[in-house]
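Peer 1: Mind having a look at this structure? Questions to follow.
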Amino acid sequence: MRNKLFYWLKINLGFSNKESKGFLLLTPFLVIFAISPYMLKTIKTSGAKEFHEHYLATIDSLKKFEVEVKTSPNPIFNPADTAAKPSSISKTKNLNRIEFSEADSTLLQIVPGIGPGLSGRIIKYRENLGGYYSKNQLNEIYGLKPETIEEIWTYFDFNPSITRKIPINSSDTNQLSAHPYISYGEAKVIVAYRTQHGLFTSSLDLKKIKIFKEDWISRIEPYLSFE
C-alpha cells in the first residue's frame with residue numbers, strides 16, 4: 001500500500017521517495033490545520049450557548065430574589081444598603097481622614113475621578129480664593145463633576161478655612177481684582193467709594209453701593225478684612 005502511494009506521488013506529482021515520506025509526515029498536520037477553523041467555530045458556538053443559558057438562569061435567580069425581598073416581612077432589610085456599606089468602608093479603611101484644607105495635589109488624587117490636572121486646579125483655586133468656606137465652591141471649578149465632589153467627602157473632612165483676607169481699606173484696584181470673585185470694574189467702584197466716603201467698617205458699607213447685589217457681597221465678605 002505504501003509503495004503504491006509512493007508510486008502514485010512519483011507519477012502524478014513528481015515526488016522522490018524522500019519527498020513522498022516528508023509529505024506523508026506532514027499530511028496529518030495539514031488535515032488538522034484545514035479543519036481547525038470549523039472546530040473553533042463549533043467550540044465558540046457551544047461556549048456561547050452555555051454562557052447564554054447561564055445568563056438566563058442568573059437573571060431568573062435575581063428576579064426571584066427581588067420578589068422575595070419585596071414580599072419580606074422585614075422592612076428594614078435593604079440589599080442595596082448592605083452592598084454599599086462594605087464598599088465605602090473598604091475604600092477608606094487604610095486611610096486617615098484629614099481636613100480638606102490640608103490636602104495637597106498629590107493627596108487629592110486618591111479620590112476616583114481626580115487626576116494630576118484636576119487636583120492642581122482645585123489647589124490653585126483654593127490659593128487664589130484664600131481658602132474655601134463652603135463645599136459648594138468646588139462646583140465653580142472647571143471639569144470637577146458633582147459626583148466626584150461627593151466622592152471627595154468620602155476621604156476628607158470639611159471645615160471652612162480662610163487663610164488669606166483682602167484688606168479692603170488699603171488694597172488698590174489691581175489687588176482687589178486679583179481675587180476670583182471681584183472683577184476689575186467692581187474693584188474700581190470699591191476704591192472710588194472708599195475715596196469719596198471714607199474707610200469701610202463692615203460689609204454693611206458695601207451694601208450702600210446700590211450697584212452691588214447682596215448675594216455677591218455675601219459671597220466676597222468672608223475674604224474681606226475691614227481693619
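Within each chain, counting starts at residue 1; across the C-alpha cells, chains are named A, B, ... in the order shown, with ligands numbered 1 upward in that order.
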Skipping near chain neighbours, those fewer than 4 positions away, what residues fall within 10 Å of A:Leu138 using only C-alpha atoms, listed as a list of chain:residue names?
Peer 2: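 Listing them by chain and then by number gives A:Ile122, A:Tyr125, A:Arg126, A:Tyr132, A:Ser134, A:Tyr142, A:Leu144, A:Lys145, A:Pro146, A:Ile149.
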Peer 1: Any chance you could export the current selection's C-alpha atoms as a PDB file, in the first residue's frame?
Peer 2:
```
ATOM      1  CA  ILE A 122      -8.519  72.523  42.972  1.00  0.00           C
ATOM      2  CA  TYR A 125      -8.347  77.855  43.017  1.00  0.00           C
ATOM      3  CA  ARG A 126      -8.111  77.431  46.789  1.00  0.00           C
ATOM      4  CA  TYR A 132     -12.778  77.507  50.885  1.00  0.00           C
ATOM      5  CA  SER A 134     -18.229  76.220  51.569  1.00  0.00           C
ATOM      6  CA  TYR A 142     -13.973  73.601  35.611  1.00  0.00           C
ATOM      7  CA  LEU A 144     -14.989  68.842  38.512  1.00  0.00           C
ATOM      8  CA  LYS A 145     -18.205  66.813  38.330  1.00  0.00           C
ATOM      9  CA  PRO A 146     -20.816  66.760  41.132  1.00  0.00           C
ATOM     10  CA  ILE A 149     -17.214  66.237  44.611  1.00  0.00           C
TER      11      ILE A 149
END
```
Peer 1: Write out as a VMD selection string each polymer residue whose atoms come within 6 Å of stretch 162-165 of chain A, counting only C-alpha atoms; drop sequence neighbours fewer than 2 positions from it.
Peer 2: chain A and resid 130 to 131 223 to 225
Peer 1: Can you work out the spacing between atom CA of A:Gly117 and atom CA of A:Glu99 in Å, to one decimal?
Peer 2: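 About the pair atom CA of A:Gly117 and atom CA of A:Glu99: they are 20.9 Å apart.
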Peer 1: Env of stretch 100-114 of chain A: 6 Å cut, atoms = only C-alpha atoms, seq-sep filter 6 positions within chain, self excluded. Answer as a list in words.
Peer 2: Gly120, Phe156, Asp157 and Phe158 of chain A
Peer 1: Filtering to N, CA, C and O atoms, could you give me those residues as a PDB file, in the first residue's frame?
Peer 2:
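Result file follows (selection_4.pdb):
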```
ATOM      1  N   GLY A 120      -4.600  69.784  40.579  1.00  0.00           N
ATOM      2  CA  GLY A 120      -3.874  71.054  40.516  1.00  0.00           C
ATOM      3  C   GLY A 120      -4.809  72.248  40.449  1.00  0.00           C
ATOM      4  O   GLY A 120      -4.550  73.286  41.076  1.00  0.00           O
ATOM      5  N   PHE A 156     -12.145  62.988  52.820  1.00  0.00           N
ATOM      6  CA  PHE A 156     -11.697  64.172  53.551  1.00  0.00           C
ATOM      7  C   PHE A 156     -12.839  64.791  54.356  1.00  0.00           C
ATOM      8  O   PHE A 156     -14.014  64.686  53.979  1.00  0.00           O
ATOM      9  N   ASP A 157     -12.472  65.444  55.447  1.00  0.00           N
ATOM     10  CA  ASP A 157     -13.429  66.219  56.235  1.00  0.00           C
ATOM     11  C   ASP A 157     -13.378  67.668  55.770  1.00  0.00           C
ATOM     12  O   ASP A 157     -12.339  68.145  55.297  1.00  0.00           O
ATOM     13  N   PHE A 158     -14.512  68.351  55.917  1.00  0.00           N
ATOM     14  CA  PHE A 158     -14.541  69.760  55.501  1.00  0.00           C
ATOM     15  C   PHE A 158     -14.939  70.663  56.654  1.00  0.00           C
ATOM     16  O   PHE A 158     -15.939  70.430  57.331  1.00  0.00           O
TER      17      PHE A 158
END
```
Peer 1: Go through stretch 108-180 of chain A and flag each residue having an atom no more than 12 Å from stretch 197-209 of chain A; for those, report the closest pair of atoms plus their distance in Å to one decimal, using only C-alpha atoms, ordered by chain and rising number, as a tab-separated table.
Peer 2:
```
residue	atom	partner	partner_atom	distance
A:Pro167	CA	A:Phe200	CA	10.1
A:Ile168	CA	A:Phe200	CA	7.4
A:Asn169	CA	A:Leu199	CA	5.7
A:Ser170	CA	A:Leu199	CA	8.9
A:Ser171	CA	A:Leu199	CA	11.4
```
Peer 1: How many Å separate atom CA of A:Gln137 from atom CA of A:Tyr193?
Peer 2: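 Atom-to-atom, atom CA of A:Gln137 and atom CA of A:Tyr193 are spaced 28.4 Å apart.
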Peer 1: Would you work out the distance separating atom CA of A:Ser177 from atom CA of A:Ile123, expressed in Å to one decimal?
Peer 2: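 Computed distance, atom CA of A:Ser177 to atom CA of A:Ile123, equals 19.6 Å.
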